[in-house]
file run.txt (compact mmCIF, C-alpha atoms)
# COMPACT_ATOMS: atom_id res chain seq x y z
CA MET A 126 226.95 -26.70 -64.99
CA SER A 127 227.79 -28.26 -68.35
CA THR A 128 226.08 -31.43 -69.49
CA GLU A 129 227.91 -34.58 -70.61
CA GLN A 130 226.99 -33.75 -74.21
CA GLN A 131 228.54 -30.28 -73.92
CA LYS A 132 231.70 -31.67 -72.35
CA ALA A 133 232.04 -34.25 -75.12
CA PHE A 134 231.61 -31.52 -77.74
CA CYS A 135 234.39 -29.43 -76.16
CA VAL A 136 236.77 -32.39 -75.93
CA LEU A 137 236.26 -33.44 -79.55
CA ARG A 138 236.61 -29.90 -80.92
CA PHE A 139 239.72 -29.24 -78.84
CA GLU A 140 241.23 -32.54 -80.04
CA ASN A 141 240.76 -31.41 -83.65
CA CYS A 142 241.66 -27.72 -83.49
CA GLU A 143 243.74 -27.43 -80.28
CA SER A 144 242.36 -23.91 -79.81
CA VAL A 145 240.32 -23.00 -76.76
CA ILE A 146 239.06 -19.82 -78.45
CA THR A 147 237.73 -21.82 -81.41
CA VAL A 148 236.06 -24.30 -79.10
CA GLN A 149 234.36 -21.53 -77.15
CA ARG A 150 233.15 -19.80 -80.35
CA ASP A 151 231.72 -23.04 -81.77
CA PHE A 152 230.17 -23.89 -78.39
CA ARG A 153 228.37 -20.54 -78.28
CA GLN A 154 226.97 -21.00 -81.76
CA LYS A 155 225.79 -24.58 -81.15
CA PHE A 156 224.31 -24.34 -77.65
CA LYS A 157 223.28 -20.65 -77.60
CA THR A 158 224.81 -20.13 -74.17
CA GLU A 159 228.02 -18.96 -72.59
CA PRO A 160 230.88 -21.45 -73.09
CA PRO A 161 232.90 -23.05 -70.31
CA THR A 162 236.21 -21.56 -69.25
CA ALA A 163 239.46 -22.43 -70.93
CA GLN A 164 240.59 -24.15 -67.76
CA SER A 165 237.53 -26.43 -67.79
CA ILE A 166 238.00 -27.35 -71.44
CA ARG A 167 241.65 -28.30 -70.92
CA ARG A 168 240.79 -30.24 -67.74
CA TRP A 169 238.09 -32.26 -69.52
CA HIS A 170 240.46 -33.00 -72.41
CA LYS A 171 243.20 -34.15 -70.06
CA THR A 172 240.78 -36.32 -68.07
CA PHE A 173 239.55 -37.97 -71.27
CA GLN A 174 243.09 -38.67 -72.43
CA GLU A 175 244.05 -40.22 -69.09
CA THR A 176 240.89 -42.19 -68.27
CA GLY A 177 238.95 -42.41 -71.54
CA CYS A 178 235.92 -41.06 -69.67
CA LEU A 179 234.41 -37.71 -68.73
CA CYS A 180 232.68 -39.07 -65.63
CA LYS A 181 233.51 -37.31 -62.40
CA GLY A 182 235.83 -39.41 -60.30
CA LYS A 183 234.51 -40.74 -57.02
CA SER A 184 235.96 -38.96 -54.01
CA SER A 185 237.34 -40.81 -51.06
CA GLY A 186 234.63 -39.25 -48.86
CA ARG A 187 234.65 -38.76 -45.12
CA PRO A 188 236.22 -41.44 -42.97
CA ARG A 189 233.61 -43.79 -41.54
CA THR A 190 232.74 -43.29 -37.88
CA SER A 191 234.06 -46.20 -35.85
CA ASP A 192 231.66 -48.76 -34.40
CA GLU A 193 233.01 -47.88 -30.97
CA ASN A 194 231.95 -44.23 -31.33
CA VAL A 195 228.55 -45.27 -32.68
CA GLU A 196 227.99 -47.47 -29.64
CA GLN A 197 229.06 -44.65 -27.28
CA ILE A 198 226.55 -42.30 -28.89
CA ARG A 199 223.80 -44.92 -28.75
CA GLU A 200 224.39 -45.61 -25.04
CA SER A 201 224.50 -41.89 -24.27
CA PHE A 202 221.03 -41.29 -25.72
CA VAL A 203 219.59 -44.48 -24.24
CA ARG A 204 220.54 -43.14 -20.80
CA SER A 205 219.25 -39.65 -21.50
CA PRO A 206 217.06 -39.32 -24.63
CA GLN A 207 216.30 -35.63 -23.96
CA LYS A 208 219.89 -34.42 -24.10
CA SER A 209 220.94 -32.17 -26.96
CA VAL A 210 223.42 -33.04 -29.68
CA ARG A 211 225.84 -30.42 -28.38
CA GLN A 212 225.64 -31.79 -24.85
CA ALA A 213 226.41 -35.29 -26.11
CA SER A 214 229.25 -33.87 -28.20
CA ARG A 215 230.85 -32.30 -25.12
CA GLU A 216 230.43 -35.45 -23.03
CA LEU A 217 231.85 -37.82 -25.65
CA ALA A 218 234.43 -35.47 -27.19
CA ILE A 219 232.94 -36.14 -30.64
CA PRO A 220 232.13 -33.29 -33.04
CA PRO A 221 228.38 -32.41 -33.03
CA THR A 222 228.08 -32.96 -36.79
CA ILE A 223 229.25 -36.55 -36.34
CA VAL A 224 226.88 -37.09 -33.41
CA TRP A 225 223.98 -35.81 -35.54
CA ARG A 226 224.98 -37.94 -38.51
CA VAL A 227 225.27 -41.08 -36.38
CA LEU A 228 221.88 -40.46 -34.74
CA ARG A 229 220.10 -39.95 -38.06
CA ARG A 230 221.93 -42.26 -40.47
CA ARG A 231 223.47 -45.04 -38.41
CA LEU A 232 221.03 -45.34 -35.51
CA ARG A 233 217.98 -44.16 -37.48
CA LEU A 234 216.75 -42.02 -34.59
CA LYS A 235 214.53 -38.96 -35.02
CA PRO A 236 214.12 -35.83 -32.84
CA TYR A 237 210.48 -35.66 -31.68
CA ARG A 238 208.81 -32.57 -30.27
CA ILE A 239 207.12 -32.78 -26.89
CA GLN A 240 203.46 -31.92 -26.31
CA LEU A 241 201.39 -30.77 -23.34
CA LEU A 242 198.48 -32.85 -22.02
CA GLN A 243 196.01 -31.89 -19.34
CA ALA A 244 196.48 -34.16 -16.36
CA LEU A 245 193.38 -36.21 -15.57
CA HIS A 246 192.12 -35.88 -11.99
CA ASN A 247 190.54 -38.52 -9.81
CA GLY A 248 187.21 -39.47 -11.32
CA ASP A 249 187.91 -37.93 -14.73
CA MET A 250 188.50 -41.25 -16.45
CA GLN A 251 185.17 -42.65 -15.24
CA LYS A 252 183.37 -39.54 -16.51
CA ARG A 253 185.06 -39.92 -19.87
CA ILE A 254 183.96 -43.56 -20.08
CA GLU A 255 180.38 -42.66 -19.18
CA PHE A 256 180.28 -39.90 -21.79
CA CYS A 257 181.67 -42.15 -24.53
CA LYS A 258 179.26 -44.98 -23.70
CA PHE A 259 176.25 -42.66 -23.58
CA VAL A 260 176.99 -40.97 -26.92
CA LEU A 261 177.84 -44.24 -28.68
CA GLU A 262 174.60 -45.82 -27.43
CA LYS A 263 172.64 -42.80 -28.70
CA SER A 264 174.27 -43.19 -32.09
CA GLU A 265 172.99 -46.77 -32.27
CA GLU A 266 169.47 -45.65 -31.39
CA VAL A 267 169.30 -42.59 -33.65
CA GLU A 268 170.52 -42.68 -37.25
CA LYS A 269 173.22 -40.09 -38.00
CA PHE A 270 173.11 -38.92 -34.41
CA PHE A 271 176.67 -37.57 -34.50
CA TYR A 272 175.69 -35.14 -37.26
CA ARG A 273 173.39 -33.32 -34.83
CA ILE A 274 176.28 -32.29 -32.57
CA ILE A 275 177.76 -28.86 -33.18
CA PHE A 276 181.16 -28.47 -31.54
CA SER A 277 182.32 -25.09 -30.29
CA ASP A 278 185.44 -23.69 -28.67
CA GLU A 279 187.73 -20.68 -28.34
CA ALA A 280 191.43 -20.43 -29.14
CA THR A 281 194.08 -17.77 -28.75
CA PHE A 282 196.12 -16.70 -31.76
CA HIS A 283 199.26 -14.68 -31.03
CA LEU A 284 200.49 -12.28 -33.65
CA ASN A 285 203.95 -13.83 -33.84
CA GLY A 286 202.92 -17.41 -33.12
CA LYS A 287 203.04 -19.18 -29.79
CA VAL A 288 205.03 -22.37 -30.39
CA ASN A 289 208.82 -22.55 -30.55
CA ARG A 290 209.23 -25.60 -32.76
CA HIS A 291 212.98 -25.75 -32.10
CA ASN A 292 212.69 -25.59 -28.33
CA VAL A 293 212.89 -29.28 -27.43
CA ARG A 294 213.62 -32.60 -29.15
CA ILE A 295 213.53 -36.15 -27.81
CA TRP A 296 215.55 -38.74 -29.68
CA GLY A 297 214.03 -42.15 -30.32
CA LEU A 298 212.94 -44.74 -32.86
CA GLU A 299 209.29 -43.88 -32.22
CA ASN A 300 207.51 -40.66 -31.23
CA PRO A 301 207.17 -40.66 -27.39
CA ARG A 302 204.33 -38.09 -27.65
CA VAL A 303 205.68 -35.79 -24.94
CA VAL A 304 204.28 -32.25 -24.82
CA VAL A 305 205.41 -28.84 -23.55
CA GLU A 306 203.71 -25.45 -23.48
CA HIS A 307 205.54 -22.33 -24.62
CA GLU A 308 203.98 -18.89 -24.10
CA ARG A 309 204.92 -15.54 -25.56
CA ASN A 310 203.76 -12.06 -24.68
CA SER A 311 202.52 -10.62 -27.96
CA PRO A 312 199.33 -9.08 -29.36
CA LYS A 313 196.68 -11.75 -29.65
CA LEU A 314 193.16 -12.58 -30.73
CA ASN A 315 190.62 -14.70 -28.89
CA VAL A 316 188.64 -16.53 -31.56
CA PHE A 317 185.42 -18.55 -31.26
CA CYS A 318 184.36 -21.14 -33.83
CA ALA A 319 181.52 -23.62 -34.17
CA VAL A 320 181.74 -26.74 -36.34
CA SER A 321 178.87 -28.72 -37.80
CA ARG A 322 178.87 -31.73 -40.08
CA LYS A 323 178.40 -29.45 -43.10
CA LYS A 324 180.49 -26.37 -42.37
CA VAL A 325 182.63 -24.32 -40.02
CA TYR A 326 180.73 -21.21 -39.01
CA ARG A 327 182.61 -17.99 -39.65
CA PRO A 328 184.87 -16.99 -36.75
CA PHE A 329 183.89 -14.59 -34.00
CA PHE A 330 186.65 -12.33 -32.66
CA PHE A 331 186.26 -11.22 -29.05
CA ASP A 332 187.19 -7.70 -28.00
CA GLY A 333 189.91 -7.45 -25.37
CA ASN A 334 192.43 -9.98 -24.13
CA THR A 335 190.11 -12.08 -21.98
CA ILE A 336 186.76 -13.83 -22.38
CA THR A 337 184.27 -13.44 -19.54
CA GLY A 338 180.95 -15.11 -18.91
CA THR A 339 179.22 -11.88 -19.90
CA SER A 340 181.06 -11.47 -23.21
CA TYR A 341 180.58 -15.16 -24.00
CA LEU A 342 176.84 -14.97 -23.32
CA GLN A 343 176.53 -11.85 -25.45
CA MET A 344 178.25 -13.65 -28.33
CA ILE A 345 175.93 -16.66 -28.02
CA LYS A 346 172.79 -14.48 -28.01
CA ASP A 347 173.68 -11.99 -30.73
CA TRP A 348 175.93 -14.02 -33.04
CA LEU A 349 175.90 -17.81 -32.60
CA PHE A 350 172.21 -18.58 -32.10
CA PRO A 351 170.99 -16.63 -35.16
CA LEU A 352 173.51 -18.53 -37.31
CA LEU A 353 172.55 -21.92 -35.90
CA GLN A 354 168.82 -21.30 -36.15
CA ASP A 355 169.15 -20.26 -39.79
CA ASP A 356 170.22 -23.87 -40.44
CA GLY A 357 167.39 -25.40 -38.39
CA ASP A 358 166.78 -26.28 -34.77
CA ASP A 359 167.66 -30.00 -34.76
CA PHE A 360 171.08 -29.65 -33.20
CA ILE A 361 172.92 -30.27 -29.92
CA LEU A 362 175.45 -27.61 -28.93
CA GLN A 363 178.69 -28.80 -27.33
CA GLN A 364 180.95 -26.64 -25.22
CA ASP A 365 183.77 -27.59 -22.85
CA GLY A 366 184.23 -26.68 -19.22
CA ALA A 367 186.06 -23.36 -19.64
CA PRO A 368 185.21 -20.79 -16.93
CA PRO A 369 183.10 -18.54 -19.22
CA HIS A 370 180.97 -21.56 -20.18
CA TRP A 371 180.43 -22.42 -16.51
CA SER A 372 179.01 -18.97 -15.82
CA LEU A 373 175.57 -19.17 -14.18
CA GLU A 374 174.03 -16.71 -16.63
CA VAL A 375 175.32 -18.76 -19.58
CA ARG A 376 173.89 -22.01 -18.18
CA GLU A 377 170.55 -20.35 -17.41
CA PHE A 378 170.33 -19.10 -20.97
CA LEU A 379 171.13 -22.56 -22.41
CA ASN A 380 168.66 -24.24 -20.06
CA ASP A 381 165.97 -21.86 -21.27
CA GLN A 382 166.79 -21.84 -24.99
CA LEU A 383 168.18 -25.37 -25.46
CA PRO A 384 166.69 -27.64 -22.79
CA GLN A 385 168.16 -31.16 -23.13
CA LYS A 386 170.00 -29.99 -26.23
CA TRP A 387 173.36 -28.81 -24.97
CA ILE A 388 176.49 -30.60 -23.74
CA GLY A 389 178.84 -28.97 -21.28
CA ARG A 390 180.02 -28.60 -17.73
CA CYS A 391 176.90 -28.52 -15.62
CA SER A 392 175.33 -28.85 -12.19
CA ALA A 393 172.67 -31.35 -11.15
CA ASN A 394 169.97 -28.74 -11.86
CA ASP A 395 171.01 -27.96 -15.44
CA ALA A 396 168.93 -29.29 -18.34
CA THR A 397 171.77 -30.71 -20.43
CA PHE A 398 171.72 -33.50 -22.97
CA CYS A 399 174.68 -34.94 -21.09
CA PRO A 400 177.66 -33.57 -19.12
CA TRP A 401 180.92 -32.88 -20.94
CA PRO A 402 183.82 -34.82 -19.34
CA PRO A 403 186.44 -32.51 -17.80
CA ARG A 404 189.90 -32.12 -19.33
CA SER A 405 188.96 -33.84 -22.59
CA PRO A 406 190.28 -31.77 -25.54
CA ASP A 407 191.13 -35.04 -27.29
CA LEU A 408 187.40 -35.67 -27.74
CA THR A 409 186.33 -32.39 -29.30
CA ILE A 410 186.70 -31.69 -33.01
CA CYS A 411 187.81 -28.11 -32.44
CA ASP A 412 190.83 -29.25 -30.43
CA PHE A 413 191.95 -32.41 -32.21
CA PHE A 414 191.39 -30.99 -35.70
CA LEU A 415 190.25 -27.40 -36.26
CA TRP A 416 192.71 -25.26 -34.31
CA GLY A 417 195.76 -27.22 -35.39
CA TYR A 418 194.66 -27.10 -39.02
CA ILE A 419 194.04 -23.35 -38.92
CA LYS A 420 197.30 -22.51 -37.16
CA SER A 421 199.30 -24.61 -39.61
CA ILE A 422 198.00 -22.31 -42.36
CA VAL A 423 197.95 -19.00 -40.49
CA TYR A 424 201.54 -19.20 -39.25
CA VAL A 425 203.24 -19.94 -42.56
CA PRO A 426 206.10 -17.39 -42.91
CA PRO A 427 206.11 -14.50 -43.33
CA LEU A 428 204.02 -14.11 -40.17
CA PRO A 429 201.13 -11.61 -40.04
CA LYS A 430 202.19 -8.01 -39.59
CA ASP A 431 199.19 -6.86 -37.55
CA LEU A 432 195.97 -8.14 -35.99
CA ASP A 433 193.90 -7.23 -39.05
CA GLU A 434 196.07 -9.44 -41.23
CA LEU A 435 195.88 -12.16 -38.58
CA LYS A 436 192.07 -11.98 -38.65
CA SER A 437 192.09 -12.20 -42.43
CA ARG A 438 194.36 -15.25 -42.39
CA ILE A 439 192.21 -17.03 -39.82
CA THR A 440 189.05 -16.39 -41.85
CA ASP A 441 190.71 -17.55 -45.07
CA ALA A 442 191.99 -20.73 -43.40
CA ILE A 443 188.52 -21.58 -42.07
CA ASN A 444 187.07 -21.15 -45.56
CA LEU A 445 189.45 -23.87 -46.79
CA VAL A 446 187.75 -26.55 -44.67
CA THR A 447 185.64 -28.71 -47.00
CA VAL A 448 182.60 -30.91 -46.42
CA ASP A 449 184.68 -34.00 -47.20
CA MET A 450 187.18 -33.00 -44.50
CA LEU A 451 184.37 -32.59 -41.97
CA GLN A 452 182.99 -36.01 -42.92
CA GLN A 453 186.34 -37.58 -42.07
CA VAL A 454 186.63 -35.56 -38.86
CA TYR A 455 183.20 -36.69 -37.60
CA GLU A 456 184.17 -40.27 -38.35
CA GLU A 457 187.36 -39.64 -36.35
CA PHE A 458 185.26 -38.36 -33.45
CA GLU A 459 183.25 -41.59 -33.40
CA TYR A 460 186.46 -43.60 -33.55
CA ARG A 461 187.97 -41.64 -30.65
CA LEU A 462 184.92 -42.30 -28.51
CA ASP A 463 185.31 -46.01 -29.10
CA VAL A 464 189.06 -45.95 -28.37
CA CYS A 465 188.56 -43.86 -25.21
CA ARG A 466 185.99 -46.33 -23.96
CA ALA A 467 188.26 -49.27 -24.76
CA SER A 468 191.24 -47.60 -23.06
CA LYS A 469 189.18 -47.09 -19.87
CA GLY A 470 189.02 -43.32 -20.21
CA GLY A 471 192.72 -42.67 -20.75
CA HIS A 472 194.16 -39.93 -22.94
CA ILE A 473 194.16 -40.65 -26.66
CA GLU A 474 196.17 -37.65 -27.89
CA HIS A 475 198.59 -40.03 -29.62
CA LEU A 476 196.02 -40.89 -32.32
call {"tool": "encode", "arguments": {"input": "run.txt", "output": "structure tokens"}}
result
Amino acid sequence: MSTEQQKAFCVLRFENCESVITVQRDFRQKFKTEPPTAQSIRRWHKTFQETGCLCKGKSSGRPRTSDENVEQIRESFVRSPQKSVRQASRELAIPPTIVWRVLRRRLRLKPYRIQLLQALHNGDMQKRIEFCKFVLEKSEEVEKFFYRIIFSDEATFHLNGKVNRHNVRIWGLENPRVVVEHERNSPKLNVFCAVSRKKVYRPFFFDGNTITGTSYLQMIKDWLFPLLQDDGDDFILQQDGAPPHWSLEVREFLNDQLPQKWIGRCSANDATFCPWPPRSPDLTICDFFLWGYIKSIVYVPPLPKDLDELKSRITDAINLVTVDMLQQVYEEFEYRLDVCRASKGGHIEHL
């Protein structure tokens, strides 16, 4: 596209010589680039003669959508905010492009994705309150208490991703924080990670498609504990209530090796530091930070071609987590405990 300076040059030269060929030759010598077409040169000259300006004229633009149609669209999505643009277009007999434009530009609405939350059962909220109060009180008694907790968890990474980001939208002025789960049958990896205040321990990749109590215990004995003990023994290991963690042999091992120094699902006879509240992924660093951060890096197109490349991407993403990031995440954990306590144990996934 020619600049205003180049257009002015063409107009002035054509006014003097009245030869398009001469204008194009002089243009090539001056600007060291291919000249505009003869048609463009004559059009610019004519425009300048008629208007005295080389500015592009303002087009009439699209006709403005009537206020009546805008109100119909607004009422349609107030009644049913989960309907699609095409569905609204069919109902109102208004082209979908106009419906979309009205939603975004006139009504200032945005399409929000929905999200899945674990439903809290009877008694869960009280357990969440008790956990938050206990840990917050410990933090007041012991300086830098939170830094002693090492969070751990497993996640599944599918080769071709597991979330269809274009599956569902909900229109509104604010994000309603609704969630949905979308599963795909594809090759996958089950990955274990542990997070401390100073680092994310390198990932462990389980063999097979499922994690059992036996395979989980073997990983703890042969892989996790040597890594943790290399950094000292003043730590408290957290794990959630997943079935492999609830295995009797796993709890017996933790009771023997970490008496009063592990957090998890437990029975009255287990020697835990404190019980982990059920259905509380919003309180563990792995769930509210680590896995989302890693997947946002791993699943950048083009997607991994095989499981080896997927493993490499996961490892590289974990290595990008810095000490400063972990500092902020641990502060977020403390904040979430306080909010959960103040909200009487309710979900805080919207934070």
call {"tool": "closest_residue", "arguments": {"input": "run.txt", "among": "A:Thr440, A:Gln164, A:Thr447, A:Gln251", "to": "A:Val316", "atoms": "all atoms listed in the file"}}
result
A:Thr440
call {"tool": "residues_around", "arguments": {"input": "run.txt", "residues": "A:Trp169", "least_positions_apart": "6", "cutoff": "10 Å", "atoms": "only C-alpha atoms", "output": "mmCIF file with C-alpha atoms, keeping the file's coordinate frame"}}
result
data_model
loop_
_atom_site.group_PDB
_atom_site.id
_atom_site.type_symbol
_atom_site.label_atom_id
_atom_site.label_comp_id
_atom_site.auth_asym_id
_atom_site.auth_seq_id
_atom_site.Cartn_x
_atom_site.Cartn_y
_atom_site.Cartn_z
ATOM 1 C CA LYS A 132 231.700 -31.670 -72.350
ATOM 2 C CA ALA A 133 232.040 -34.250 -75.120
ATOM 3 C CA CYS A 135 234.390 -29.430 -76.160
ATOM 4 C CA VAL A 136 236.770 -32.390 -75.930
ATOM 5 C CA PHE A 139 239.720 -29.240 -78.840
ATOM 6 C CA GLU A 175 244.050 -40.220 -69.090
ATOM 7 C CA CYS A 178 235.920 -41.060 -69.670
ATOM 8 C CA LEU A 179 234.410 -37.710 -68.730
ATOM 9 C CA CYS A 180 232.680 -39.070 -65.630
ATOM 10 C CA LYS A 181 233.510 -37.310 -62.400
#
call {"tool": "residues_around", "arguments": {"input": "run.txt", "residues": "A:Val454", "least_positions_apart": "2", "cutoff": "10 Å", "atoms": "all atoms listed in the file", "output": "list of chain:residue names"}}
result
A:Arg322, A:Ile410, A:Cys411, A:Phe413, A:Phe414, A:Leu415, A:Val448, A:Asp449, A:Met450, A:Leu451, A:Gln452, A:Glu456, A:Glu457, A:Phe458, A:Glu459, A:Tyr460
call {"tool": "write_last_selection", "arguments": {"input": "run.txt", "atoms": "C-alpha atoms", "output": "PDB file, in the frame of the given file"}}
result
ATOM      1  CA  ARG A 322     178.870 -31.730 -40.080  1.00  0.00           C
ATOM      2  CA  ILE A 410     186.700 -31.690 -33.010  1.00  0.00           C
ATOM      3  CA  CYS A 411     187.810 -28.110 -32.440  1.00  0.00           C
ATOM      4  CA  PHE A 413     191.950 -32.410 -32.210  1.00  0.00           C
ATOM      5  CA  PHE A 414     191.390 -30.990 -35.700  1.00  0.00           C
ATOM      6  CA  LEU A 415     190.250 -27.400 -36.260  1.00  0.00           C
ATOM      7  CA  VAL A 448     182.600 -30.910 -46.420  1.00  0.00           C
ATOM      8  CA  ASP A 449     184.680 -34.000 -47.200  1.00  0.00           C
ATOM      9  CA  MET A 450     187.180 -33.000 -44.500  1.00  0.00           C
ATOM     10  CA  LEU A 451     184.370 -32.590 -41.970  1.00  0.00           C
ATOM     11  CA  GLN A 452     182.990 -36.010 -42.920  1.00  0.00           C
ATOM     12  CA  GLU A 456     184.170 -40.270 -38.350  1.00  0.00           C
ATOM     13  CA  GLU A 457     187.360 -39.640 -36.350  1.00  0.00           C
ATOM     14  CA  PHE A 458     185.260 -38.360 -33.450  1.00  0.00           C
ATOM     15  CA  GLU A 459     183.250 -41.590 -33.400  1.00  0.00           C
ATOM     16  CA  TYR A 460     186.460 -43.600 -33.550  1.00  0.00           C
TER      17      TYR A 460
END
call {"tool": "atom_distance", "arguments": {"input": "run.txt", "atom1": "atom CA of A:Ser264", "atom2": "atom CA of A:Phe276"}}
result
16.3 Å
call {"tool": "residues_around", "arguments": {"input": "run.txt", "residues": "stretch 155-161 of chain A", "least_positions_apart": "4", "cutoff": "9 Å", "atoms": "all atoms listed in the file", "output": "number ranges by chain"}}
result
A: 126-127, 131-132, 135, 148-151, 165-166
call {"tool": "atom_distance", "arguments": {"input": "run.txt", "atom1": "atom CA of A:Asn315", "atom2": "atom CA of A:His246"}}
result
27.1 Å
call {"tool": "closest_residue", "arguments": {"input": "run.txt", "among": "A:Arg167, A:Lys252, A:Lys313, A:Lys346", "to": "A:Ser405", "atoms": "only C-alpha atoms"}}
result
A:Lys252
call {"tool": "atom_distance", "arguments": {"input": "run.txt", "atom1": "atom CA of A:Gly471", "atom2": "atom CA of A:Glu279"}}
result
23.8 Å
call {"tool": "closest_residue", "arguments": {"input": "run.txt", "among": "A:Ala396, A:Leu137, A:Leu314, A:Val375", "to": "A:Phe282", "atoms": "only C-alpha atoms"}}
result
A:Leu314
call {"tool": "closest_residue", "arguments": {"input": "run.txt", "among": "A:Leu228, A:Arg438, A:Phe398, A:Ile198", "to": "A:Arg215", "atoms": "all atoms listed in the file"}}
result
A:Ile198
call {"tool": "closest_residue", "arguments": {"input": "run.txt", "among": "A:Leu353, A:Ile219, A:Cys391, A:Val227", "to": "A:Ala367", "atoms": "only C-alpha atoms"}}
result
A:Cys391
